[in-house]
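Asks: So here's input-v8.txt (compact mmCIF, C-alpha atoms).
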```txt
# COMPACT_ATOMS: atom_id res chain seq x y z
CA MET A 1 55.25 -25.09 9.62
CA ASP A 2 53.79 -25.46 13.07
CA ALA A 3 50.55 -27.30 13.81
CA LYS A 4 48.37 -24.23 13.46
CA GLU A 5 49.84 -23.32 10.07
CA ILE A 6 49.37 -26.86 8.75
CA ILE A 7 45.71 -26.74 9.76
CA ALA A 8 45.09 -23.26 8.35
CA LYS A 9 46.77 -24.04 5.04
CA ARG A 10 44.78 -27.25 4.56
CA ILE A 11 41.47 -25.55 5.36
CA ALA A 12 42.16 -22.80 2.81
CA LEU A 13 42.00 -25.54 0.13
CA GLU A 14 38.37 -26.16 1.10
CA LEU A 15 37.31 -22.64 0.12
CA LYS A 16 35.99 -22.31 -3.41
CA PRO A 17 35.75 -19.24 -5.67
CA GLY A 18 32.62 -17.25 -4.84
CA ASN A 19 32.35 -18.60 -1.28
CA LEU A 20 31.26 -16.37 1.59
CA VAL A 21 33.26 -17.52 4.61
CA ASN A 22 33.35 -16.68 8.31
CA LEU A 23 36.60 -17.37 10.16
CA GLY A 24 36.41 -17.70 13.94
CA ILE A 25 38.94 -16.57 16.53
CA GLY A 26 42.23 -18.48 16.92
CA ILE A 27 43.48 -20.97 14.32
CA PRO A 28 40.58 -20.17 11.93
CA THR A 29 41.81 -16.57 11.63
CA LEU A 30 45.11 -17.89 10.19
CA VAL A 31 43.25 -19.46 7.24
CA ALA A 32 43.06 -15.97 5.70
CA ASN A 33 46.86 -16.04 5.28
CA TYR A 34 46.52 -18.90 2.80
CA ILE A 35 43.78 -17.46 0.60
CA PRO A 36 45.40 -16.03 -2.55
CA GLU A 37 44.94 -12.24 -2.74
CA ASP A 38 43.13 -12.35 -6.10
CA GLU A 39 40.89 -15.31 -5.26
CA PRO A 40 37.20 -14.28 -5.22
CA ILE A 41 36.57 -15.56 -1.70
CA TYR A 42 34.73 -13.15 0.57
CA LEU A 43 35.21 -13.07 4.31
CA GLN A 44 32.15 -12.32 6.40
CA SER A 45 32.79 -10.84 9.80
CA GLU A 46 29.90 -11.03 12.27
CA ASN A 47 30.57 -7.50 13.52
CA GLY A 48 29.17 -6.28 10.21
CA ILE A 49 31.52 -6.74 7.26
CA VAL A 50 31.51 -8.63 4.00
CA GLY A 51 34.90 -8.32 2.35
CA LEU A 52 37.14 -8.32 5.41
CA GLY A 53 40.83 -8.02 4.55
CA GLY A 54 44.03 -8.47 6.53
CA LEU A 55 45.33 -6.61 9.55
CA ALA A 56 45.91 -2.86 9.22
CA SER A 57 49.48 -1.58 9.51
CA ASN A 58 50.13 1.28 11.96
CA GLU A 59 49.66 3.82 9.15
CA GLU A 60 46.46 2.16 7.96
CA VAL A 61 44.66 1.92 11.31
CA CYS A 62 41.09 3.18 11.35
CA VAL A 63 39.64 2.97 14.86
CA HIS A 64 36.21 2.25 13.38
CA LEU A 65 37.28 -0.88 11.56
CA THR A 66 38.11 -4.09 13.39
CA ASN A 67 37.91 -7.80 12.67
CA PRO A 68 35.88 -10.13 14.93
CA SER A 69 38.92 -10.55 17.19
CA GLY A 70 38.89 -6.79 17.82
CA GLN A 71 42.09 -6.14 15.83
CA TYR A 72 42.34 -3.18 13.47
CA ALA A 73 41.71 -4.50 10.00
CA LYS A 74 41.28 -3.54 6.37
CA VAL A 75 38.57 -4.31 3.85
CA LYS A 76 38.88 -5.46 0.25
CA LYS A 77 37.38 -4.06 -2.91
CA HIS A 78 33.57 -4.46 -3.04
CA ALA A 79 33.32 -4.64 0.77
CA ALA A 80 30.12 -3.73 2.59
CA PHE A 81 29.31 -2.66 6.16
CA PHE A 82 26.07 -3.41 7.98
CA ASP A 83 24.62 -3.73 11.47
CA SER A 84 24.54 -6.81 13.71
CA ALA A 85 20.89 -7.66 12.99
CA LEU A 86 21.56 -7.88 9.26
CA SER A 87 24.80 -9.74 9.94
CA PHE A 88 22.95 -12.53 11.72
CA VAL A 89 20.16 -12.58 9.16
CA MET A 90 22.97 -13.27 6.70
CA ILE A 91 24.46 -15.95 8.97
CA ARG A 92 21.27 -17.77 9.94
CA GLY A 93 19.63 -17.12 6.59
CA GLY A 94 21.87 -19.53 4.70
CA HIS A 95 24.16 -17.06 2.93
CA LEU A 96 27.38 -18.35 4.47
CA ASP A 97 28.99 -21.12 2.46
CA VAL A 98 31.54 -22.03 5.11
CA THR A 99 32.22 -21.27 8.75
CA VAL A 100 35.54 -22.26 10.31
CA LEU A 101 35.55 -22.66 14.08
CA GLY A 102 37.95 -23.72 16.79
CA ALA A 103 36.87 -26.41 19.26
CA LEU A 104 37.46 -27.73 22.75
CA GLU A 105 35.86 -31.04 21.75
CA VAL A 106 34.20 -32.50 18.67
CA ASP A 107 32.53 -35.89 18.45
CA GLU A 108 31.37 -38.82 16.33
CA GLU A 109 27.98 -37.24 15.74
CA GLY A 110 29.50 -34.01 14.49
CA SER A 111 28.63 -32.12 17.65
CA VAL A 112 31.06 -29.46 18.82
CA ALA A 113 31.85 -27.82 22.17
CA SER A 114 33.77 -24.56 22.13
CA TRP A 115 32.41 -21.95 24.51
CA ILE A 116 32.59 -23.07 28.13
CA ILE A 117 34.52 -25.30 30.54
CA PRO A 118 32.16 -25.11 33.51
CA GLY A 119 33.87 -23.75 36.60
CA LYS A 120 37.08 -23.02 34.73
CA LEU A 121 36.74 -21.00 31.57
CA VAL A 122 33.64 -19.18 30.41
CA PRO A 123 34.39 -17.09 27.36
CA GLY A 124 30.81 -17.32 26.08
CA MET A 125 29.41 -18.37 22.73
CA GLY A 126 29.49 -15.03 20.93
CA GLY A 127 28.29 -15.68 17.39
CA SER A 128 29.47 -19.31 17.20
CA MET A 129 26.09 -20.96 17.82
CA ASP A 130 24.41 -18.96 15.05
CA LEU A 131 27.35 -19.67 12.73
CA VAL A 132 27.08 -23.44 13.13
CA GLU A 133 23.29 -23.21 12.83
CA GLY A 134 23.28 -21.20 9.63
CA ALA A 135 26.40 -21.98 7.62
CA LYS A 136 26.07 -24.50 4.78
CA ARG A 137 29.35 -26.11 5.79
CA VAL A 138 30.97 -26.22 9.23
CA ILE A 139 34.71 -26.88 9.38
CA ILE A 140 36.48 -27.40 12.71
CA ALA A 141 40.07 -26.21 12.98
CA THR A 142 41.73 -27.77 15.99
CA THR A 143 44.92 -29.34 17.23
CA HIS A 144 44.41 -33.09 17.35
CA THR A 145 44.85 -33.30 21.12
CA ASN A 146 45.04 -30.93 24.05
CA LYS A 147 48.53 -31.74 25.38
CA GLY A 148 47.99 -35.41 24.58
CA ILE A 149 44.35 -35.61 25.65
CA PRO A 150 42.18 -36.45 22.62
CA LYS A 151 39.80 -33.68 21.52
CA ILE A 152 37.99 -35.87 18.99
CA LYS A 153 35.65 -37.82 21.26
CA LYS A 154 32.95 -40.46 21.09
CA ARG A 155 30.65 -37.88 22.71
CA CYS A 156 31.45 -34.33 23.79
CA SER A 157 31.54 -34.04 27.58
CA LEU A 158 31.41 -30.23 27.59
CA PRO A 159 28.27 -28.16 26.93
CA LEU A 160 27.65 -28.02 23.19
CA THR A 161 27.93 -25.14 20.74
CA GLY A 162 26.10 -27.12 18.09
CA TYR A 163 24.49 -30.56 17.92
CA LYS A 164 25.30 -32.61 14.79
CA LYS A 165 26.47 -29.55 12.85
CA VAL A 166 30.07 -30.34 11.86
CA ASP A 167 30.99 -31.44 8.32
CA LEU A 168 34.79 -31.58 8.39
CA ILE A 169 37.52 -31.70 11.06
CA VAL A 170 41.04 -30.59 10.17
CA THR A 171 43.92 -31.17 12.60
CA GLU A 172 47.70 -31.07 12.18
CA LEU A 173 47.62 -34.85 11.79
CA CYS A 174 44.68 -35.51 9.52
CA VAL A 175 41.42 -34.57 7.85
CA ILE A 176 38.22 -36.23 9.06
CA GLU A 177 34.85 -36.09 7.36
CA VAL A 178 31.64 -36.37 9.37
CA ARG A 179 29.14 -38.63 7.62
CA GLU A 180 25.82 -40.21 8.62
CA ASP A 181 27.57 -43.34 9.89
CA GLY A 182 30.34 -41.52 11.79
CA LEU A 183 33.81 -40.12 11.27
CA HIS A 184 35.83 -41.04 8.19
CA LEU A 185 39.57 -40.51 8.08
CA ILE A 186 40.07 -39.13 4.57
CA GLU A 187 43.60 -37.71 4.70
CA ARG A 188 46.67 -38.08 6.89
CA HIS A 189 49.79 -35.96 7.26
CA PRO A 190 52.47 -37.64 5.09
CA ASP A 191 54.74 -38.09 8.15
CA VAL A 192 52.05 -39.59 10.38
CA SER A 193 50.78 -43.18 10.30
CA ILE A 194 47.14 -44.18 10.53
CA GLU A 195 47.99 -46.04 13.75
CA ASP A 196 49.38 -42.83 15.27
CA ILE A 197 46.19 -41.01 14.42
CA ILE A 198 43.99 -43.75 15.87
CA SER A 199 46.02 -43.80 19.08
CA GLN A 200 45.43 -40.07 19.57
CA THR A 201 41.72 -40.19 18.79
CA GLU A 202 39.02 -41.30 21.22
CA ALA A 203 36.32 -41.49 18.56
CA THR A 204 36.06 -44.49 16.25
CA LEU A 205 37.40 -43.66 12.80
CA HIS A 206 36.16 -45.33 9.65
CA ILE A 207 39.14 -46.02 7.45
CA ASP A 208 38.55 -46.81 3.81
CA HIS A 209 40.54 -44.66 1.45
CA VAL A 210 43.04 -42.36 3.16
CA GLY A 211 44.79 -39.76 1.02
CA LEU A 212 47.75 -37.57 1.90
CA MET A 213 47.27 -34.09 3.33
CA GLU A 214 48.79 -31.22 1.42
CA VAL A 215 51.24 -29.64 3.86
CA MET B 1 13.81 20.62 21.94
CA ASN B 2 17.57 20.87 22.15
CA LYS B 3 18.98 17.36 22.42
CA TRP B 4 22.58 18.46 22.83
CA ILE B 5 23.71 17.91 26.41
CA ASP B 6 26.86 18.10 28.51
CA LYS B 7 28.30 15.88 31.22
CA GLU B 8 26.33 17.47 34.08
CA ARG B 9 22.99 16.99 32.35
CA PHE B 10 23.98 13.44 31.31
CA ILE B 11 24.73 12.43 34.89
CA THR B 12 21.28 13.63 36.05
CA LEU B 13 19.76 11.00 33.71
CA LEU B 14 21.42 8.12 35.58
CA GLN B 15 20.08 6.19 38.55
CA ASP B 16 21.14 3.22 40.66
CA GLY B 17 19.77 -0.12 39.44
CA MET B 18 19.18 1.00 35.86
CA ARG B 19 19.25 -1.35 32.89
CA VAL B 20 21.84 0.16 30.56
CA MET B 21 22.39 -0.90 26.94
CA VAL B 22 25.83 -0.16 25.54
CA GLY B 23 26.68 -0.33 21.84
CA GLY B 24 29.90 -1.72 20.37
CA PHE B 25 31.66 -4.97 19.49
CA LEU B 26 34.83 -5.51 21.52
CA THR B 27 34.71 -1.73 22.13
CA CYS B 28 34.67 -0.77 18.43
CA GLY B 29 31.60 1.46 18.29
CA THR B 30 31.40 1.81 22.08
CA PRO B 31 30.71 5.31 23.48
CA GLU B 32 33.78 5.51 25.74
CA THR B 33 33.16 9.08 26.89
CA LEU B 34 29.65 8.26 28.05
CA ILE B 35 31.01 5.24 29.93
CA ASP B 36 33.62 7.48 31.58
CA TRP B 37 30.80 9.74 32.73
CA VAL B 38 28.84 6.78 34.12
CA VAL B 39 32.01 5.89 36.07
CA GLU B 40 32.22 9.48 37.35
CA SER B 41 28.55 9.47 38.37
CA GLY B 42 29.14 6.50 40.70
CA VAL B 43 25.69 4.97 40.06
CA LYS B 44 25.64 1.32 41.07
CA ASP B 45 23.79 -2.01 40.73
CA LEU B 46 23.57 -1.57 36.97
CA THR B 47 22.41 -4.28 34.59
CA ILE B 48 24.59 -3.89 31.52
CA ILE B 49 23.32 -5.16 28.17
CA CYS B 50 26.22 -5.23 25.73
CA ASN B 51 27.66 -7.66 23.17
CA ASP B 52 30.69 -8.38 25.34
CA ALA B 53 32.49 -7.37 28.55
CA GLY B 54 35.01 -5.26 26.62
CA TYR B 55 38.53 -5.25 27.98
CA LEU B 56 39.96 -4.79 31.47
CA ASP B 57 40.08 -1.00 31.17
CA LYS B 58 38.08 -0.35 28.03
CA GLY B 59 34.38 -0.36 27.23
CA VAL B 60 32.08 -1.71 29.93
CA GLY B 61 35.18 -3.18 31.59
CA LYS B 62 35.58 0.25 33.24
CA LEU B 63 32.21 -0.17 34.97
CA LEU B 64 33.21 -3.63 36.20
CA ILE B 65 36.46 -2.34 37.71
CA ASN B 66 34.51 0.44 39.42
CA GLN B 67 32.08 -2.14 40.88
CA GLN B 68 29.00 -0.53 39.39
CA VAL B 69 27.62 -3.67 37.77
CA LYS B 70 25.18 -6.17 39.26
CA LYS B 71 24.46 -8.15 36.12
CA LEU B 72 25.85 -8.54 32.60
CA ILE B 73 23.63 -9.64 29.73
CA VAL B 74 26.18 -10.43 27.01
CA THR B 75 27.27 -12.91 24.33
CA HIS B 76 30.95 -13.11 25.26
CA ILE B 77 33.22 -12.20 28.18
CA GLY B 78 36.45 -13.90 27.07
CA THR B 79 38.39 -10.68 26.40
CA ASN B 80 37.99 -9.36 29.94
CA PRO B 81 39.53 -11.63 32.60
CA ASN B 82 37.99 -9.46 35.32
CA ALA B 83 34.49 -10.36 34.14
CA GLY B 84 35.25 -14.08 34.44
CA LYS B 85 36.74 -13.55 37.90
CA LEU B 86 33.72 -11.55 39.12
CA MET B 87 31.41 -14.19 37.66
CA SER B 88 33.21 -17.05 39.48
CA SER B 89 33.31 -15.19 42.79
CA GLY B 90 29.63 -14.33 42.60
CA GLY B 91 30.44 -10.62 42.38
CA ILE B 92 28.27 -10.27 39.30
CA GLU B 93 25.61 -12.32 37.58
CA VAL B 94 26.29 -13.11 33.92
CA GLU B 95 23.66 -14.15 31.39
CA LEU B 96 25.20 -15.43 28.13
CA ILE B 97 23.11 -15.37 24.95
CA PRO B 98 24.00 -16.36 21.37
CA GLN B 99 24.82 -13.16 19.50
CA GLY B 100 22.23 -13.61 16.76
CA THR B 101 19.48 -14.19 19.32
CA PHE B 102 20.70 -11.29 21.49
CA ILE B 103 20.41 -8.75 18.67
CA GLU B 104 16.95 -10.05 17.70
CA GLN B 105 15.74 -9.84 21.31
CA ILE B 106 16.77 -6.19 21.37
CA ARG B 107 15.12 -5.59 18.00
CA ALA B 108 11.96 -7.32 19.27
CA HIS B 109 11.72 -4.92 22.18
CA GLY B 110 12.31 -1.99 19.85
CA GLY B 111 9.40 -3.07 17.69
CA ARG B 112 7.35 -4.28 20.68
CA LEU B 113 7.15 -7.86 19.45
CA GLY B 114 6.36 -10.60 21.95
CA GLY B 115 9.56 -12.55 21.48
CA VAL B 116 11.97 -14.25 19.14
CA LEU B 117 11.86 -17.81 17.78
CA SER B 118 15.32 -19.00 16.81
CA PRO B 119 16.69 -22.47 16.02
CA THR B 120 20.09 -21.39 17.38
CA GLY B 121 21.22 -23.30 20.46
CA ILE B 122 18.92 -26.31 20.24
CA HIS B 123 20.45 -29.26 22.18
CA THR B 124 22.75 -26.84 24.01
CA PRO B 125 22.49 -25.15 27.44
CA VAL B 126 20.75 -22.24 25.68
CA GLU B 127 17.57 -24.36 25.82
CA GLU B 128 17.57 -24.50 29.62
CA GLY B 129 14.59 -22.76 31.17
CA LYS B 130 13.29 -21.71 27.75
CA GLN B 131 10.03 -22.62 26.10
CA MET B 132 10.32 -24.64 22.87
CA ILE B 133 7.82 -23.89 20.13
CA GLU B 134 7.19 -25.96 17.03
CA ILE B 135 6.21 -24.22 13.81
CA LYS B 136 5.51 -26.28 10.71
CA GLY B 137 7.40 -29.22 12.15
CA LYS B 138 10.56 -27.31 13.09
CA SER B 139 11.61 -26.55 16.68
CA TYR B 140 12.53 -23.09 17.89
CA ILE B 141 13.64 -21.62 21.21
CA LEU B 142 11.48 -18.75 22.45
CA SER B 143 13.47 -15.80 23.83
CA GLU B 144 11.84 -12.76 25.33
CA PRO B 145 12.50 -9.19 24.18
CA ILE B 146 15.32 -7.24 25.83
CA GLY B 147 14.78 -3.57 26.58
CA ALA B 148 16.59 -1.04 28.75
CA ASP B 149 16.03 2.15 30.72
CA ILE B 150 18.82 3.86 28.89
CA ALA B 151 20.89 3.11 25.77
CA LEU B 152 24.36 4.55 25.27
CA ILE B 153 25.32 4.39 21.64
CA ALA B 154 28.13 5.71 19.44
CA GLY B 155 27.54 7.38 16.08
CA TYR B 156 29.87 9.06 13.64
CA HIS B 157 28.12 12.09 12.14
CA SER B 158 25.00 13.73 13.53
CA ASP B 159 23.00 16.67 12.29
CA PHE B 160 21.30 19.08 14.71
CA MET B 161 18.28 16.78 15.00
CA GLY B 162 20.24 13.60 15.71
CA ASN B 163 20.12 11.81 12.38
CA LEU B 164 23.09 9.46 12.62
CA THR B 165 25.62 7.80 10.38
CA TYR B 166 28.20 5.26 11.47
CA LYS B 167 31.64 4.37 10.21
CA GLY B 168 33.20 1.03 9.31
CA SER B 169 32.37 -1.84 11.62
CA ALA B 170 31.49 0.57 14.47
CA ARG B 171 27.83 0.36 13.48
CA ASN B 172 27.22 -3.17 14.87
CA PHE B 173 24.66 -3.07 17.73
CA ASN B 174 24.16 0.70 17.83
CA PRO B 175 21.26 1.20 15.39
CA THR B 176 19.19 -1.59 16.98
CA MET B 177 19.93 -0.51 20.56
CA ALA B 178 18.77 2.98 19.60
CA THR B 179 15.27 1.51 19.20
CA ALA B 180 15.08 -0.42 22.46
CA ALA B 181 15.51 1.91 25.45
CA ASP B 182 13.35 4.55 27.17
CA ILE B 183 16.15 7.10 26.88
CA VAL B 184 18.69 6.93 24.04
CA ILE B 185 21.89 8.94 24.24
CA ALA B 186 24.29 9.09 21.31
CA GLN B 187 27.93 10.01 21.57
CA ILE B 188 28.97 11.33 18.17
CA GLU B 189 32.26 12.43 16.66
CA GLU B 190 31.21 15.32 14.50
CA LYS B 191 28.18 17.53 14.26
CA VAL B 192 27.46 18.36 10.65
CA GLU B 193 25.11 20.84 9.02
CA GLU B 194 23.28 18.30 6.93
CA ILE B 195 23.25 14.57 6.21
CA ASN B 196 21.97 13.22 2.93
CA PRO B 197 18.67 11.49 3.86
CA GLU B 198 19.75 8.57 1.67
CA VAL B 199 22.61 7.70 4.01
CA VAL B 200 21.01 8.27 7.43
CA ILE B 201 21.18 4.98 9.33
CA THR B 202 19.42 5.99 12.56
CA PRO B 203 16.61 8.52 12.05
CA HIS B 204 16.57 11.30 14.65
CA THR B 205 13.27 10.16 16.13
CA PHE B 206 15.12 7.39 17.99
CA ILE B 207 17.61 9.76 19.60
CA ASP B 208 16.76 11.65 22.79
CA PHE B 209 20.10 13.21 23.65
CA ILE B 210 23.39 13.83 21.86
CA VAL B 211 26.88 14.42 23.15
CA GLU B 212 29.65 15.61 20.85
CA VAL B 213 33.13 14.49 21.86
```
Please express what this file holds, its structure, as structure tokens.

Replies:
Amino acid sequence: MDAKEIIAKRIALELKPGNLVNLGIGIPTLVANYIPEDEPIYLQSENGIVGLGGLASNEEVCVHLTNPSGQYAKVKKHAAFFDSALSFVMIRGGHLDVTVLGALEVDEEGSVASWIIPGKLVPGMGGSMDLVEGAKRVIIATTHTNKGIPKIKKRCSLPLTGYKKVDLIVTELCVIEVREDGLHLIERHPDVSIEDIISQTEATLHIDHVGLMEV
Amino acid sequence: MNKWIDKERFITLLQDGMRVMVGGFLTCGTPETLIDWVVESGVKDLTIICNDAGYLDKGVGKLLINQQVKKLIVTHIGTNPNAGKLMSSGGIEVELIPQGTFIEQIRAHGGRLGGVLSPTGIHTPVEEGKQMIEIKGKSYILSEPIGADIALIAGYHSDFMGNLTYKGSARNFNPTMATAADIVIAQIEEKVEEINPEVVITPHTFIDFIVEV
């Protein structure tokens, strides 16, 4: 399994039966691959779907049905379509149990930056700011570093997507919980030492009980 | 009044400098034929109000390539590298808005409300230049309504009057945009004799002109 698959598989374990979940673009999208087909977990897609399914095969393509990445997709039994206004009422209104987002940086306060590197890359925030505002639980799916440069910081240096919104950070090396007093290392990859994780993390990690990640 | 128009009539509705709303989410639910006709018309200095910048050669991306755009009011431009390039070079102005606020600003104009109070984007650059308002101890960012001169939307079925249905996730911004422009033009896929009133999503009163493609 590569880093992205490790992250996606671990995050899938966080989703509980009955949850309404929004998966962002990138690694978060892969989480869907690890949700058992018959599990009653419902994917919300901000373009107006509850009950999003997997990608459509060539024979199944409907040009009127795409996932939030713009790929042709399918829906599951009991799915519903709606407009963008209702979609964001759902998102901000507290109906989403979990949102899974990628990140450029995430910090000790649980703030996340994901939509702009000024002067370099300006994809825009899309629905991400509303998702972190409204979801009951915010999970960040990210590689631990960007080519060796730590992404888990004391303070985000990039413009924020959300201030103090993150609950859990899952990387290919570990699982970190955001609590009132800071970041707690709660699980590590079985092949990675706590020292390795600390050396690749800029933020201070509280280390009390560290379990093993399911990989 | 007959709302059903052709390309020639459509082009007479366009002017330089217009504010143009375009439906669709990453071009799903985007009226591509109407965009092609805007390209053909050659009108310029447009302000485009759309969820995203589409792709290089799809959706509003076609208007960017043809240099008809002065400003984009959008939530996301990451799928169209040309938009980012034009933004960096100063070729276009780009205003980025959180998607949930963007749709409510359009809805506010449709219903002639004075603005939108949203908690989204507090402690982020979204706050910059915006008024903060406190209601019952909670802070909100005030955003003004967004309207347009013309809205180009995409429907699925239409009856003679312009009652519209949509299909799949192609609904997205279309029904709300249909409420928020002086002239609303719907590109539809099939004209049908009758639509069950129970399933009409956009009532015909919002639609000024219809194009069947």

Asks: If you take all atoms listed in the file and a cut-off of 8 Å, which residues of chain B touch chain A, and what are their nearest atom pairs and distances in Å to one decimal, in chain and number order, as a Markdown table?

Replies:
```
| residue | atom | partner | partner_atom | distance |
| --- | --- | --- | --- | --- |
| B:Phe25 | CA | A:Asn47 | CA | 6.6 |
| B:Leu26 | CA | A:Gly70 | CA | 5.6 |
| B:Thr27 | CA | A:Gly70 | CA | 7.9 |
| B:Cys28 | CA | A:His64 | CA | 6.1 |
| B:Gly29 | CA | A:His64 | CA | 6.8 |
| B:Asn51 | CA | A:Gly126 | CA | 7.9 |
| B:Thr75 | CA | A:Gly126 | CA | 4.6 |
| B:His76 | CA | A:Gly124 | CA | 4.3 |
| B:Ile77 | CA | A:Pro123 | CA | 5.1 |
| B:Gly78 | CA | A:Pro123 | CA | 3.8 |
| B:Thr79 | CA | A:Pro123 | CA | 7.6 |
| B:Gly84 | CA | A:Val122 | CA | 6.7 |
| B:Ser88 | CA | A:Gly119 | CA | 7.3 |
| B:Leu96 | CA | A:Gly124 | CA | 6.3 |
| B:Ile97 | CA | A:Met125 | CA | 7.3 |
| B:Pro98 | CA | A:Gly126 | CA | 5.7 |
| B:Gln99 | CA | A:Gly127 | CA | 4.8 |
| B:Gly100 | CA | A:Phe88 | CA | 5.2 |
| B:Ile103 | CA | A:Ala85 | CA | 5.8 |
| B:Glu104 | CA | A:Ala85 | CA | 6.6 |
| B:Arg107 | CA | A:Ala85 | CA | 7.9 |
| B:Pro119 | CA | A:Glu133 | CA | 7.4 |
| B:Thr120 | CA | A:Asp130 | CA | 5.5 |
| B:Gly121 | CA | A:Met129 | CA | 6.0 |
| B:Ile122 | CA | A:Tyr163 | CA | 7.4 |
| B:His123 | CA | A:Tyr163 | CA | 6.0 |
| B:Thr124 | CA | A:Leu160 | CA | 5.1 |
| B:Pro125 | CA | A:Pro159 | CA | 6.5 |
| B:Lys167 | CA | A:His64 | CA | 6.0 |
| B:Gly168 | CA | A:Leu65 | CA | 5.0 |
| B:Ser169 | CA | A:Leu65 | CA | 5.0 |
| B:Ala170 | CA | A:His64 | CA | 5.1 |
| B:Arg171 | CA | A:Asp83 | CA | 5.6 |
| B:Asn172 | CA | A:Asp83 | CA | 4.3 |
| B:Phe173 | CA | A:Ser84 | CA | 5.5 |
| B:Asn174 | CA | A:Asp83 | CA | 7.8 |
| B:Pro175 | CA | A:Asp83 | CA | 7.1 |
| B:Thr176 | CA | A:Ala85 | CA | 7.5 |
```

Asks: Take atom CA of Ser89 of chain B and atom CA of Ile146 of chain B and report the distance between them in Å, one decimal.

Replies: 26.0 Å

Asks: Tell me which of B:Phe209, B:Trp37, B:Phe10, B:Phe102 sits closest to Ala178 of chain B, counting all atoms listed in the file.

Replies: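 Smallest separation from Ala178 of chain B among the options: B:Phe209.
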
Asks: Closest to Ile41 of chain A among A:Val175, A:Leu185, A:Ile207, A:Leu20, using all atoms listed in the file?

Replies: A:Leu20

Asks: Would you kindly return, as an mmCIF file with C-alpha atoms, in the coordinates of the input, each protein, DNA or RNA residue with an atom no farther than 7 Å from any atom of segment 147-157 of chain B, considering all atoms listed in the file and excluding same-chain residues fewer than 2 positions away?

Replies:
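Everything below was put into result-v2.cif:
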```
data_model
loop_
_atom_site.group_PDB
_atom_site.id
_atom_site.type_symbol
_atom_site.label_atom_id
_atom_site.label_comp_id
_atom_site.auth_asym_id
_atom_site.auth_seq_id
_atom_site.Cartn_x
_atom_site.Cartn_y
_atom_site.Cartn_z
ATOM 1 C CA MET B 18 19.180 1.000 35.860
ATOM 2 C CA ARG B 19 19.250 -1.350 32.890
ATOM 3 C CA VAL B 20 21.840 0.160 30.560
ATOM 4 C CA MET B 21 22.390 -0.900 26.940
ATOM 5 C CA VAL B 22 25.830 -0.160 25.540
ATOM 6 C CA GLY B 23 26.680 -0.330 21.840
ATOM 7 C CA GLY B 29 31.600 1.460 18.290
ATOM 8 C CA THR B 30 31.400 1.810 22.080
ATOM 9 C CA PRO B 31 30.710 5.310 23.480
ATOM 10 C CA ILE B 106 16.770 -6.190 21.370
ATOM 11 C CA HIS B 109 11.720 -4.920 22.180
ATOM 12 C CA PRO B 145 12.500 -9.190 24.180
ATOM 13 C CA ASP B 159 23.000 16.670 12.290
ATOM 14 C CA LEU B 164 23.090 9.460 12.620
ATOM 15 C CA THR B 165 25.620 7.800 10.380
ATOM 16 C CA TYR B 166 28.200 5.260 11.470
ATOM 17 C CA LYS B 167 31.640 4.370 10.210
ATOM 18 C CA ASN B 174 24.160 0.700 17.830
ATOM 19 C CA MET B 177 19.930 -0.510 20.560
ATOM 20 C CA ALA B 178 18.770 2.980 19.600
ATOM 21 C CA ALA B 180 15.080 -0.420 22.460
ATOM 22 C CA ALA B 181 15.510 1.910 25.450
ATOM 23 C CA ASP B 182 13.350 4.550 27.170
ATOM 24 C CA ILE B 183 16.150 7.100 26.880
ATOM 25 C CA VAL B 184 18.690 6.930 24.040
ATOM 26 C CA ILE B 185 21.890 8.940 24.240
ATOM 27 C CA ALA B 186 24.290 9.090 21.310
ATOM 28 C CA GLN B 187 27.930 10.010 21.570
ATOM 29 C CA ILE B 188 28.970 11.330 18.170
ATOM 30 C CA GLU B 189 32.260 12.430 16.660
ATOM 31 C CA GLU B 190 31.210 15.320 14.500
ATOM 32 C CA LYS B 191 28.180 17.530 14.260
ATOM 33 C CA VAL B 192 27.460 18.360 10.650
#
```

Asks: Within 9 Å of Trp4 of chain B, counting all atoms listed in the file, which residues qualify if same-chain residues fewer than 5 places away don't, as a list in words?

Replies: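 Contacts, with the query itself left out: Phe160, Gly162, Asp208, Phe209, Ile210, Val211 and Glu212 of chain B.
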
Asks: For a test of reading the model, state the distance in Å between atom CA of Ile73 of chain B and atom CA of Ile48 of chain B, rounded to one decimal.

Replies: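 Atom-to-atom, atom CA of Ile73 of chain B and atom CA of Ile48 of chain B are spaced 6.1 Å apart.
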
Asks: How many Å lie between atom CA of Leu113 of chain B and atom CA of Gln131 of chain B, rounded to one decimal?

Replies: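 Answer for the atom CA of Leu113 of chain B to atom CA of Gln131 of chain B separation: 16.4 Å.
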